[in-house]
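Just structure32.tsv here, TSV, C-alpha atoms and all ligand atoms:
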```tsv
chain	number	residue	atom	x	y	z
B	1	MET	CA	32.35	10.01	-17.29
B	2	PRO	CA	33.20	13.44	-15.78
B	3	TYR	CA	34.72	16.04	-18.11
B	4	THR	CA	38.36	15.98	-17.14
B	5	VAL	CA	40.01	15.58	-20.53
B	6	GLY	CA	43.32	17.40	-20.60
B	7	LEU	CA	43.17	18.40	-16.94
B	8	GLU	CA	44.84	15.40	-15.37
B	9	GLU	CA	48.37	16.02	-16.49
B	10	PRO	CA	49.12	19.59	-15.35
B	11	PHE	CA	47.13	19.22	-12.16
B	12	ALA	CA	48.58	15.89	-11.07
B	13	PRO	CA	50.18	16.34	-7.64
B	14	TYR	CA	53.60	17.89	-8.12
B	15	LYS	CA	56.50	15.79	-6.86
B	16	ALA	CA	59.64	17.66	-5.90
B	17	PRO	CA	62.80	16.23	-7.50
B	18	SER	CA	64.83	13.94	-5.29
B	19	GLN	CA	68.60	14.36	-4.93
B	20	GLU	CA	69.09	11.22	-7.09
B	21	ASN	CA	66.96	12.76	-9.82
B	22	LEU	CA	69.04	15.91	-9.79
B	23	THR	CA	72.22	13.89	-10.04
B	24	ALA	CA	70.73	11.80	-12.85
B	25	LEU	CA	69.82	15.02	-14.64
B	26	ARG	CA	73.41	16.23	-14.59
B	27	LEU	CA	74.44	12.98	-16.23
B	28	SER	CA	71.59	12.91	-18.72
B	29	ILE	CA	71.86	13.89	-22.35
B	30	THR	CA	69.07	16.44	-22.51
B	31	PRO	CA	69.98	19.61	-24.42
B	32	MET	CA	70.45	21.54	-21.14
B	33	ASN	CA	73.18	19.12	-20.12
B	34	SER	CA	74.91	18.40	-23.38
B	35	PRO	CA	78.49	19.68	-23.60
B	36	ALA	CA	77.28	22.45	-25.91
B	37	PRO	CA	76.16	25.51	-23.91
B	38	PRO	CA	72.41	26.07	-23.80
B	39	VAL	CA	70.97	28.65	-26.18
B	40	TRP	CA	68.50	31.03	-24.54
B	41	PHE	CA	65.98	33.11	-26.49
B	42	ILE	CA	64.94	36.06	-24.34
B	43	THR	CA	62.23	38.63	-25.05
B	44	GLY	CA	62.11	42.10	-23.51
B	45	SER	CA	65.80	42.11	-22.65
B	46	SER	CA	66.24	45.89	-22.44
B	47	SER	CA	65.60	46.10	-18.69
B	48	GLY	CA	64.34	44.32	-15.58
B	49	PHE	CA	64.07	40.55	-15.67
B	50	GLY	CA	65.01	40.28	-19.35
B	51	ARG	CA	68.24	42.20	-18.86
B	52	HIS	CA	69.08	40.29	-15.66
B	53	MET	CA	68.51	36.96	-17.40
B	54	THR	CA	70.63	37.96	-20.39
B	55	GLU	CA	73.51	38.86	-18.09
B	56	LEU	CA	73.13	35.68	-16.02
B	57	VAL	CA	73.11	33.41	-19.07
B	58	LEU	CA	76.25	35.09	-20.39
B	59	GLN	CA	78.03	34.95	-17.02
B	60	ASN	CA	77.25	31.23	-16.82
B	61	GLY	CA	78.81	30.60	-20.22
B	62	GLY	CA	75.51	30.16	-22.04
B	63	ILE	CA	74.49	31.64	-25.37
B	64	ALA	CA	71.95	34.46	-25.26
B	65	VAL	CA	69.74	35.55	-28.12
B	66	ALA	CA	68.60	38.79	-26.53
B	67	THR	CA	65.61	40.34	-28.28
B	68	LEU	CA	64.28	43.82	-27.58
B	69	ARG	CA	62.63	46.77	-29.22
B	70	SER	CA	65.68	49.04	-29.09
B	71	PRO	CA	68.85	46.97	-29.57
B	72	SER	CA	71.08	49.92	-28.61
B	73	ALA	CA	70.01	49.32	-24.98
B	74	LEU	CA	72.35	46.30	-24.95
B	75	SER	CA	75.33	47.95	-26.66
B	76	ASP	CA	77.40	47.59	-23.46
B	77	LEU	CA	76.87	43.80	-23.41
B	78	ALA	CA	77.44	43.54	-27.16
B	79	ALA	CA	80.82	45.23	-26.65
B	80	ARG	CA	81.79	42.83	-23.84
B	81	TYR	CA	80.70	39.46	-25.30
B	82	PRO	CA	81.63	37.83	-28.62
B	83	SER	CA	79.02	37.23	-31.31
B	84	SER	CA	79.46	33.49	-30.67
B	85	GLN	CA	77.85	34.07	-27.25
B	86	LEU	CA	75.49	37.02	-27.68
B	87	LEU	CA	73.16	37.79	-30.55
B	88	VAL	CA	71.08	40.94	-30.13
B	89	LEU	CA	67.96	41.09	-32.30
B	90	PRO	CA	65.24	43.71	-32.68
B	91	LEU	CA	61.84	42.31	-31.73
B	92	ASP	CA	58.56	43.93	-30.85
B	93	VAL	CA	56.42	40.94	-29.81
B	94	ARG	CA	53.28	42.74	-31.02
B	95	GLN	CA	54.44	42.25	-34.61
B	96	PRO	CA	53.37	38.69	-35.52
B	97	GLU	CA	55.65	38.29	-38.54
B	98	ALA	CA	58.71	39.46	-36.58
B	99	ILE	CA	58.60	36.49	-34.18
B	100	PRO	CA	59.34	33.64	-36.63
B	101	THR	CA	61.96	35.90	-38.23
B	102	ALA	CA	63.78	36.34	-34.92
B	103	PHE	CA	63.62	32.59	-34.19
B	104	ALA	CA	64.96	31.87	-37.70
B	105	GLU	CA	67.86	34.28	-37.16
B	106	ALA	CA	68.66	32.62	-33.82
B	107	LEU	CA	68.61	29.18	-35.45
B	108	ALA	CA	70.74	30.36	-38.35
B	109	ALA	CA	73.35	31.52	-35.84
B	110	PHE	CA	73.28	28.66	-33.33
B	111	GLY	CA	71.25	25.78	-34.81
B	112	ARG	CA	69.13	25.22	-31.69
B	113	ILE	CA	67.21	27.01	-28.94
B	114	ASN	CA	67.10	25.26	-25.59
B	115	VAL	CA	65.31	27.76	-23.38
B	116	VAL	CA	62.78	30.47	-24.23
B	117	PHE	CA	62.37	33.17	-21.58
B	118	ASN	CA	59.03	34.63	-22.64
B	119	ASN	CA	59.30	37.79	-20.61
B	120	ALA	CA	58.33	40.93	-22.59
B	121	GLY	CA	55.39	42.66	-21.01
B	122	CYS	CA	53.91	45.92	-19.82
B	123	GLY	CA	51.11	47.19	-17.61
B	124	VAL	CA	48.18	49.57	-17.53
B	125	LEU	CA	46.96	51.00	-14.25
B	126	SER	CA	43.22	51.29	-14.61
B	127	GLU	CA	39.99	50.14	-13.08
B	128	ALA	CA	37.79	47.98	-15.31
B	129	GLU	CA	35.49	50.96	-15.94
B	130	GLY	CA	38.33	53.41	-16.33
B	131	SER	CA	39.70	52.41	-19.71
B	132	THR	CA	38.70	51.92	-23.30
B	133	ASP	CA	39.71	49.10	-25.63
B	134	ASP	CA	42.13	51.23	-27.64
B	135	VAL	CA	44.22	51.96	-24.53
B	136	VAL	CA	44.50	48.43	-23.19
B	137	ARG	CA	44.67	46.54	-26.49
B	138	PRO	CA	48.40	47.26	-27.11
B	139	MET	CA	49.17	45.80	-23.65
B	140	PHE	CA	47.07	42.74	-24.42
B	141	ASP	CA	48.84	42.44	-27.76
B	142	ALA	CA	52.18	42.22	-25.97
B	143	ASN	CA	51.26	40.31	-22.78
B	144	PHE	CA	48.96	37.75	-24.35
B	145	TRP	CA	49.19	37.61	-28.14
B	146	GLY	CA	52.93	38.29	-28.22
B	147	ALA	CA	53.61	35.70	-25.53
B	148	ALA	CA	51.28	33.18	-27.19
B	149	ARG	CA	52.99	33.55	-30.57
B	150	VAL	CA	56.43	33.22	-28.99
B	151	SER	CA	55.20	30.05	-27.22
B	152	ARG	CA	53.97	28.49	-30.46
B	153	GLU	CA	57.26	29.14	-32.19
B	154	ALA	CA	59.22	27.90	-29.16
B	155	VAL	CA	57.40	24.57	-29.05
B	156	ARG	CA	57.79	24.08	-32.80
B	157	VAL	CA	61.55	24.65	-32.56
B	158	PHE	CA	61.92	22.41	-29.48
B	159	ARG	CA	60.11	19.58	-31.27
B	160	GLU	CA	61.14	19.95	-34.90
B	161	VAL	CA	64.55	21.59	-34.91
B	162	ASN	CA	66.39	20.64	-31.72
B	163	GLN	CA	68.41	17.42	-31.82
B	164	PRO	CA	67.41	15.68	-29.62
B	165	ALA	CA	63.96	17.22	-29.31
B	166	GLY	CA	63.29	19.18	-26.16
B	167	GLY	CA	63.34	22.58	-24.50
B	168	ARG	CA	62.20	24.76	-21.65
B	169	LEU	CA	59.51	27.41	-21.99
B	170	LEU	CA	59.58	29.91	-19.12
B	171	GLN	CA	56.44	32.05	-19.18
B	172	VAL	CA	56.71	35.26	-17.20
B	173	SER	CA	53.34	35.73	-15.57
B	174	SER	CA	52.33	37.53	-12.41
B	175	MET	CA	50.54	36.92	-9.15
B	176	GLY	CA	47.95	39.08	-10.93
B	177	GLY	CA	47.54	36.20	-13.38
B	178	VAL	CA	46.24	34.08	-10.52
B	179	GLN	CA	44.37	36.67	-8.47
B	180	GLY	CA	42.59	39.74	-9.87
B	181	LEU	CA	44.09	42.90	-8.35
B	182	SER	CA	42.14	46.14	-8.12
B	183	ALA	CA	43.22	48.96	-10.47
B	184	LEU	CA	45.02	46.38	-12.62
B	185	SER	CA	41.95	44.78	-14.24
B	186	TYR	CA	43.25	44.59	-17.78
B	187	TYR	CA	46.81	43.70	-16.80
B	188	CYS	CA	45.47	40.83	-14.70
B	189	ALA	CA	43.23	39.78	-17.59
B	190	SER	CA	46.24	39.61	-19.92
B	191	LYS	CA	48.25	37.51	-17.44
B	192	CYS	CA	45.24	35.26	-16.65
B	193	ALA	CA	44.92	34.73	-20.39
B	194	ILE	CA	48.51	33.54	-20.70
B	195	GLU	CA	48.01	31.33	-17.64
B	196	GLY	CA	45.05	29.52	-19.24
B	197	PHE	CA	46.79	29.30	-22.59
B	198	THR	CA	49.94	27.87	-20.99
B	199	GLU	CA	48.15	25.27	-18.85
B	200	ALA	CA	46.36	24.06	-21.98
B	201	LEU	CA	49.59	24.07	-24.02
B	202	ALA	CA	51.37	22.06	-21.30
B	203	ALA	CA	48.57	19.50	-21.36
B	204	GLU	CA	48.99	19.18	-25.14
B	205	MET	CA	52.69	18.22	-25.04
B	206	ARG	CA	53.72	14.63	-25.78
B	207	PRO	CA	56.36	13.26	-23.38
B	208	GLU	CA	58.76	12.37	-26.20
B	209	TRP	CA	58.93	16.03	-27.24
B	210	ASP	CA	60.55	16.70	-23.85
B	211	VAL	CA	59.05	20.18	-23.60
B	212	LYS	CA	58.88	21.51	-20.03
B	213	VAL	CA	56.78	24.57	-19.32
B	214	THR	CA	56.67	26.79	-16.22
B	215	LEU	CA	54.48	29.79	-15.45
B	216	ILE	CA	56.43	32.16	-13.22
B	217	GLU	CA	53.95	34.10	-11.13
B	218	LEU	CA	55.99	37.07	-9.97
B	219	GLY	CA	55.22	39.18	-6.95
B	220	GLY	CA	56.51	42.74	-6.73
B	221	PHE	CA	60.12	43.15	-7.86
B	222	HIS	CA	62.11	46.28	-8.42
B	223	THR	CA	62.45	46.87	-12.22
B	224	ASN	CA	61.38	49.53	-14.72
B	225	ALA	CA	57.85	48.09	-14.75
B	226	GLY	CA	56.42	50.89	-12.60
B	227	ARG	CA	58.01	53.59	-14.75
B	228	ASN	CA	56.88	51.90	-17.97
B	229	MET	CA	53.28	51.42	-16.83
B	230	VAL	CA	50.53	53.41	-18.56
B	231	ARG	CA	48.56	55.24	-15.85
B	232	LEU	CA	44.97	56.23	-16.41
B	233	PRO	CA	43.15	58.57	-14.01
B	234	PRO	CA	40.66	56.89	-11.68
B	235	HIS	CA	37.12	56.61	-12.94
B	236	PRO	CA	35.03	59.29	-11.12
B	237	ALA	CA	33.02	56.60	-9.32
B	238	TYR	CA	36.18	55.22	-7.72
B	239	VAL	CA	37.97	58.22	-6.25
B	240	ASP	CA	36.99	57.46	-2.64
B	241	PRO	CA	40.31	56.90	-0.80
B	242	VAL	CA	38.85	54.04	1.26
B	243	LEU	CA	38.46	51.88	-1.83
B	244	LYS	CA	40.98	49.12	-2.51
B	245	GLN	CA	41.91	50.59	-5.86
B	246	ALA	CA	42.92	53.89	-4.22
B	247	THR	CA	45.34	51.95	-2.03
B	248	ALA	CA	46.62	50.06	-5.07
B	249	ARG	CA	47.09	53.32	-6.96
B	250	SER	CA	49.12	54.90	-4.18
B	251	TYR	CA	51.23	51.71	-3.93
B	252	LEU	CA	51.82	51.65	-7.69
B	253	GLN	CA	53.04	55.23	-7.94
B	254	VAL	CA	55.47	56.17	-10.72
B	255	ASN	CA	58.46	54.73	-8.86
B	256	PRO	CA	56.70	52.06	-6.82
B	257	TRP	CA	58.48	50.59	-3.85
B	258	MET	CA	58.71	46.89	-4.61
B	259	PRO	CA	60.00	44.46	-2.02
B	260	GLY	CA	61.77	42.08	-4.36
B	261	ASP	CA	65.26	42.06	-5.87
B	262	ALA	CA	64.77	41.11	-9.53
B	263	ALA	CA	68.36	39.86	-9.90
B	264	LYS	CA	67.88	37.37	-7.04
B	265	ALA	CA	64.56	36.21	-8.49
B	266	THR	CA	66.17	35.81	-11.92
B	267	ALA	CA	68.70	33.42	-10.38
B	268	LYS	CA	65.82	31.27	-9.06
B	269	ILE	CA	64.14	31.30	-12.47
B	270	TYR	CA	67.41	30.21	-14.07
B	271	LYS	CA	67.57	27.30	-11.59
B	272	LEU	CA	64.28	25.98	-13.02
B	273	THR	CA	66.18	24.87	-16.11
B	274	GLU	CA	68.30	22.56	-13.95
B	275	LEU	CA	65.26	20.68	-12.64
B	276	PRO	CA	64.35	17.51	-14.52
B	277	ASP	CA	60.71	17.99	-13.57
B	278	PRO	CA	60.01	21.70	-13.11
B	279	PRO	CA	56.65	22.80	-11.70
B	280	LEU	CA	53.96	24.11	-14.04
B	281	HIS	CA	53.45	27.04	-11.65
B	282	LEU	CA	56.13	28.89	-9.70
B	283	PRO	CA	54.82	31.72	-7.52
B	284	LEU	CA	57.95	33.78	-6.81
B	285	GLY	CA	58.21	36.23	-3.92
B	286	LYS	CA	56.49	36.06	-0.55
B	287	ASP	CA	53.61	38.26	-1.77
B	288	ALA	CA	53.03	35.94	-4.74
B	289	GLN	CA	53.25	32.87	-2.49
B	290	GLU	CA	50.60	34.32	-0.18
B	291	ALA	CA	48.32	35.38	-3.04
B	292	VAL	CA	48.45	31.97	-4.72
B	293	LYS	CA	47.87	30.07	-1.49
B	294	ARG	CA	44.98	32.38	-0.54
B	295	LYS	CA	43.42	31.93	-3.96
B	296	ALA	CA	43.80	28.14	-3.89
B	297	GLN	CA	42.29	27.93	-0.40
B	298	SER	CA	39.38	30.19	-1.24
B	299	LEU	CA	38.63	28.31	-4.49
B	300	LEU	CA	38.66	25.03	-2.62
B	301	ALA	CA	36.42	26.39	0.13
B	302	MET	CA	33.92	27.81	-2.39
B	303	ALA	CA	33.90	24.62	-4.48
B	304	GLU	CA	33.30	22.51	-1.37
B	305	SER	CA	30.59	24.80	0.05
B	306	PHE	CA	28.64	24.66	-3.18
B	307	SER	CA	29.43	21.13	-4.34
B	308	SER	CA	25.83	20.04	-3.67
B	309	TRP	CA	24.66	22.51	-6.36
B	310	SER	CA	26.24	20.23	-8.94
B	311	GLU	CA	24.18	17.23	-7.85
B	312	GLY	CA	21.44	16.08	-10.22
B	313	LEU	CA	22.42	18.28	-13.17
B	314	GLU	CA	22.85	15.37	-15.58
B	315	LEU	CA	20.44	14.95	-18.51
B	316	ASP	CA	17.42	12.91	-17.42
B	317	VAL	CA	17.77	10.86	-20.59
B	318	PRO	CA	21.52	10.50	-21.26
B	319	LEU	CA	22.60	10.97	-24.89
B	320	ASP	CA	24.55	8.16	-26.54
B	321	ARG	CA	28.25	8.95	-26.51
B	322	PRO	CA	29.67	9.24	-30.06
V	401	LIG	N1	58.48	43.74	-11.75
V	401	LIG	C1	57.41	43.20	-11.22
V	401	LIG	O1	57.08	43.44	-10.05
V	401	LIG	C2	56.60	42.23	-12.03
V	401	LIG	C3	55.54	41.58	-11.37
V	401	LIG	C4	54.78	40.69	-12.08
V	401	LIG	C5	55.08	40.41	-13.40
V	401	LIG	N2	56.09	41.06	-14.02
V	401	LIG	C6	56.35	40.75	-15.44
V	401	LIG	O2	57.73	40.62	-15.65
V	401	LIG	C7	58.00	40.85	-17.05
V	401	LIG	C8	59.21	41.76	-17.16
V	401	LIG	O3	58.89	43.01	-16.61
V	401	LIG	P1	59.91	43.83	-15.69
V	401	LIG	O4	59.37	43.83	-14.32
V	401	LIG	O5	61.28	43.34	-15.93
V	401	LIG	O6	59.69	45.30	-16.24
V	401	LIG	P2	60.53	46.21	-17.25
V	401	LIG	O7	61.83	46.57	-16.64
V	401	LIG	O8	59.60	47.31	-17.64
V	401	LIG	O9	60.81	45.24	-18.48
V	401	LIG	C9	59.79	44.94	-19.41
V	401	LIG	C10	60.45	44.54	-20.70
V	401	LIG	O10	59.44	44.17	-21.63
V	401	LIG	C11	59.70	44.89	-22.83
V	401	LIG	N3	58.52	45.09	-23.66
V	401	LIG	C12	57.36	45.72	-23.36
V	401	LIG	N4	56.54	45.69	-24.42
V	401	LIG	C13	57.22	45.02	-25.41
V	401	LIG	C14	56.92	44.66	-26.74
V	401	LIG	N5	55.74	44.98	-27.31
V	401	LIG	N6	57.83	43.95	-27.46
V	401	LIG	C15	59.02	43.60	-26.91
V	401	LIG	N7	59.38	43.95	-25.67
V	401	LIG	C16	58.48	44.64	-24.92
V	401	LIG	C17	60.31	46.20	-22.38
V	401	LIG	O11	60.98	46.77	-23.49
V	401	LIG	P3	61.08	48.35	-23.75
V	401	LIG	O12	62.30	48.80	-22.99
V	401	LIG	O13	61.23	48.43	-25.24
V	401	LIG	O14	59.80	48.97	-23.26
V	401	LIG	C18	61.24	45.70	-21.31
V	401	LIG	O15	62.39	45.15	-21.89
V	401	LIG	C19	56.72	41.43	-17.63
V	401	LIG	O16	56.05	40.43	-18.36
V	401	LIG	C20	55.92	41.83	-16.41
V	401	LIG	O17	54.53	41.82	-16.63
V	401	LIG	C21	56.86	41.97	-13.36
```
Written as structure tokens, how would this file's structure read?
Ligand SMILES: NC(=O)c1ccc[n+]([C@@H]2O[C@H](COP(=O)([O-])OP(=O)(O)OC[C@H]3O[C@@H](n4cnc5c(N)ncnc54)[C@H](OP(=O)(O)O)[C@@H]3O)[C@@H](O)[C@H]2O)c1
Amino acid sequence: MPYTVGLEEPFAPYKAPSQENLTALRLSITPMNSPAPPVWFITGSSSGFGRHMTELVLQNGGIAVATLRSPSALSDLAARYPSSQLLVLPLDVRQPEAIPTAFAEALAAFGRINVVFNNAGCGVLSEAEGSTDDVVRPMFDANFWGAARVSREAVRVFREVNQPAGGRLLQVSSMGGVQGLSALSYYCASKCAIEGFTEALAAEMRPEWDVKVTLIELGGFHTNAGRNMVRLPPHPAYVDPVLKQATARSYLQVNPWMPGDAAKATAKIYKLTELPDPPLHLPLGKDAQEAVKRKAQSLLAMAESFSSWSEGLELDVPLDRP
């Protein structure tokens, strides 16, 4: 039997929800549609997508548990919204013990968490040869380990605390998590890591837990990401301006021009929570759409061109299956 264990579920053809399904969802009793407002747990809410999502949840009458490294960044929202709607908590996702503590504080305040917006992240501009482990490890700690720990806690709460069980895990990834981009080697590696982790996690969910997971593969959107990025000088072997990474470096200057409006994209991400059957992958932005389609087509073409290389690789004397 071919080795496909765990792959069938996330890669089954995606069926878009019909209008009847959407109507049924509004009438259903899932946590997102219960009379009680949904509770969102948001990481990295000081700026960009995290801040936009916090504001959107509050405007829509939801409850936001906004976590961030410097809570004072949300003092304006804390002054405008009551504590019954907004809880601001300090959280650096690189600190493992701080994550369960923040979830526990959110549960103590609201008794449930319906949506986790796993958004905190940062970037390092560097070619693969241009960095050392000590520089890129803190980024990996946030983008992969932080996001993975938040995911574990989210799923536990959705299954074991929420009544009824269920929840939405929104993983903020990047088109760089699908396609390696020059001068962003380690950033792409961190987002590819969360992509693989999340696909596996989604395949591990039991239907009765009602946990829905989506990887949001963002294209370029205007936020503080460019300003917050760590920039390393090009490796001496890669300074030639004709190289792809030189183009990438000039594009990703300190205040990069990004085509996308992060507030508009946040509204689309929010809409995911209204879908009864959200996609596992959502490339968002025309650049992300193109990158994902190009990658899928090229993978398919390569797999087909070389499919004959996989013929006749079975053991001559098959082992007994356990
Ligand atoms: N904007 C884009 O074009 C784009 C494209 C692809 C993917 N993304 C992803 O989108 C997500 C949000 O980024 P953004 O574009 O909104 O940029 P942003 O404005 O720089 O926001 C990033 C947020 O993550 C927080 N953060 C970073 N490290 C953290 C840590 N260790 N613990 C907790 N929070 C941390 C930042 O907090 P501080 O203020 O404390 O630093 C900030 O709130 C990231 O995962 C990023 O990789 C963005």
Find the residues near ligand LIG 401 (chain V). Use a cut-off of 6 Å, count only C-alpha atoms and all ligand atoms, and write them as a ChimeraX atom specification. /B:44-50,68-70,91-94,119-122,142,172-174,218-225,228
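Reported to one decimal place, the separation of atom CA of Asp240 of chain B from atom CA of Cys188 of chain B is 22.2 Å.
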Find the residues around Glu208 of chain B up to 12 Å (only C-alpha atoms counted), leave out those fewer than 2 positions away in its own chain, and share them as a PyMOL selection string. chain B and resi 30+158-160+164-167+204-206+210-212
How would the residues just picked look written out with C-alpha atoms as an mmCIF file, keeping the file's coordinate frame?
```cif
data_model
loop_
_atom_site.group_PDB
_atom_site.id
_atom_site.type_symbol
_atom_site.label_atom_id
_atom_site.label_comp_id
_atom_site.auth_asym_id
_atom_site.auth_seq_id
_atom_site.Cartn_x
_atom_site.Cartn_y
_atom_site.Cartn_z
ATOM 1 C CA THR B 30 69.070 16.440 -22.510
ATOM 2 C CA PHE B 158 61.920 22.410 -29.480
ATOM 3 C CA ARG B 159 60.110 19.580 -31.270
ATOM 4 C CA GLU B 160 61.140 19.950 -34.900
ATOM 5 C CA PRO B 164 67.410 15.680 -29.620
ATOM 6 C CA ALA B 165 63.960 17.220 -29.310
ATOM 7 C CA GLY B 166 63.290 19.180 -26.160
ATOM 8 C CA GLY B 167 63.340 22.580 -24.500
ATOM 9 C CA GLU B 204 48.990 19.180 -25.140
ATOM 10 C CA MET B 205 52.690 18.220 -25.040
ATOM 11 C CA ARG B 206 53.720 14.630 -25.780
ATOM 12 C CA ASP B 210 60.550 16.700 -23.850
ATOM 13 C CA VAL B 211 59.050 20.180 -23.600
ATOM 14 C CA LYS B 212 58.880 21.510 -20.030
#
```
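Here the selection is built from only C-alpha atoms, and the residues within 8 Å of (50.3, 49.4, -16.1) turn out to be Cys122, Gly123, Val124, Leu125, Ser126, Leu184, Tyr187, Ala225, Gly226, Asn228, Met229, Val230 and Arg231 of chain B.
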With a distance cut-off of 9 Å and only C-alpha atoms, select the neighbouring residues of Ser131 of chain B, excluding the residue or stretch itself and same-chain residues fewer than 5 positions from it, and output the selection as a compact mmCIF listing (two decimals) with C-alpha atoms, keeping the file's coordinate frame.
```txt
# COMPACT_ATOMS: atom_id res chain seq x y z
CA SER B 126 43.22 51.29 -14.61
CA VAL B 136 44.50 48.43 -23.19
CA TYR B 186 43.25 44.59 -17.78
CA LEU B 232 44.97 56.23 -16.41
CA HIS B 235 37.12 56.61 -12.94
```
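Among the candidates B:Gln179, B:Asn60, B:Asn118, B:Thr54, the one nearest to Ile216 of chain B when counting only C-alpha atoms is B:Asn118.
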Rebuild segment 172-189 of chain B so that it carries N, CA and C atoms, then output the result as a PDB file, in the coordinates of the input.
```pdb
ATOM      1  N   VAL B 172      56.725  34.283 -18.285  1.00  0.00           N
ATOM      2  CA  VAL B 172      56.710  35.260 -17.200  1.00  0.00           C
ATOM      3  C   VAL B 172      55.280  35.777 -17.014  1.00  0.00           C
ATOM      4  N   SER B 173      54.688  35.302 -15.924  1.00  0.00           N
ATOM      5  CA  SER B 173      53.340  35.730 -15.570  1.00  0.00           C
ATOM      6  C   SER B 173      53.438  36.588 -14.315  1.00  0.00           C
ATOM      7  N   SER B 174      52.383  36.637 -13.570  1.00  0.00           N
ATOM      8  CA  SER B 174      52.330  37.530 -12.410  1.00  0.00           C
ATOM      9  C   SER B 174      51.391  36.926 -11.389  1.00  0.00           C
ATOM     10  N   MET B 175      51.550  37.351 -10.125  1.00  0.00           N
ATOM     11  CA  MET B 175      50.540  36.920  -9.150  1.00  0.00           C
ATOM     12  C   MET B 175      49.172  37.465  -9.579  1.00  0.00           C
ATOM     13  N   GLY B 176      49.194  38.549 -10.379  1.00  0.00           N
ATOM     14  CA  GLY B 176      47.950  39.080 -10.930  1.00  0.00           C
ATOM     15  C   GLY B 176      47.351  38.191 -12.015  1.00  0.00           C
ATOM     16  N   GLY B 177      48.097  37.190 -12.441  1.00  0.00           N
ATOM     17  CA  GLY B 177      47.540  36.200 -13.380  1.00  0.00           C
ATOM     18  C   GLY B 177      46.779  35.112 -12.660  1.00  0.00           C
ATOM     19  N   VAL B 178      46.930  35.093 -11.328  1.00  0.00           N
ATOM     20  CA  VAL B 178      46.240  34.080 -10.520  1.00  0.00           C
ATOM     21  C   VAL B 178      45.102  34.742  -9.752  1.00  0.00           C
ATOM     22  N   GLN B 179      45.374  35.963  -9.260  1.00  0.00           N
ATOM     23  CA  GLN B 179      44.370  36.670  -8.470  1.00  0.00           C
ATOM     24  C   GLN B 179      44.144  38.051  -9.061  1.00  0.00           C
ATOM     25  N   GLY B 180      42.898  38.401  -9.352  1.00  0.00           N
ATOM     26  CA  GLY B 180      42.590  39.740  -9.870  1.00  0.00           C
ATOM     27  C   GLY B 180      42.948  40.796  -8.834  1.00  0.00           C
ATOM     28  N   LEU B 181      43.662  41.838  -9.262  1.00  0.00           N
ATOM     29  CA  LEU B 181      44.090  42.900  -8.350  1.00  0.00           C
ATOM     30  C   LEU B 181      43.422  44.205  -8.757  1.00  0.00           C
ATOM     31  N   SER B 182      42.865  44.924  -7.779  1.00  0.00           N
ATOM     32  CA  SER B 182      42.140  46.140  -8.120  1.00  0.00           C
ATOM     33  C   SER B 182      43.074  47.173  -8.753  1.00  0.00           C
ATOM     34  N   ALA B 183      42.518  47.931  -9.671  1.00  0.00           N
ATOM     35  CA  ALA B 183      43.220  48.960 -10.470  1.00  0.00           C
ATOM     36  C   ALA B 183      44.175  48.353 -11.492  1.00  0.00           C
ATOM     37  N   LEU B 184      44.184  47.033 -11.596  1.00  0.00           N
ATOM     38  CA  LEU B 184      45.020  46.380 -12.620  1.00  0.00           C
ATOM     39  C   LEU B 184      44.169  45.383 -13.420  1.00  0.00           C
ATOM     40  N   SER B 185      42.898  45.743 -13.639  1.00  0.00           N
ATOM     41  CA  SER B 185      41.950  44.780 -14.240  1.00  0.00           C
ATOM     42  C   SER B 185      42.454  44.205 -15.552  1.00  0.00           C
ATOM     43  N   TYR B 186      42.901  45.081 -16.440  1.00  0.00           N
ATOM     44  CA  TYR B 186      43.250  44.590 -17.780  1.00  0.00           C
ATOM     45  C   TYR B 186      44.619  43.903 -17.778  1.00  0.00           C
ATOM     46  N   TYR B 187      45.514  44.383 -16.938  1.00  0.00           N
ATOM     47  CA  TYR B 187      46.810  43.700 -16.800  1.00  0.00           C
ATOM     48  C   TYR B 187      46.574  42.279 -16.291  1.00  0.00           C
ATOM     49  N   CYS B 188      45.758  42.165 -15.241  1.00  0.00           N
ATOM     50  CA  CYS B 188      45.470  40.830 -14.700  1.00  0.00           C
ATOM     51  C   CYS B 188      44.811  39.956 -15.766  1.00  0.00           C
ATOM     52  N   ALA B 189      43.897  40.552 -16.533  1.00  0.00           N
ATOM     53  CA  ALA B 189      43.230  39.780 -17.590  1.00  0.00           C
ATOM     54  C   ALA B 189      44.252  39.235 -18.572  1.00  0.00           C
TER      55      ALA B 189
END
```
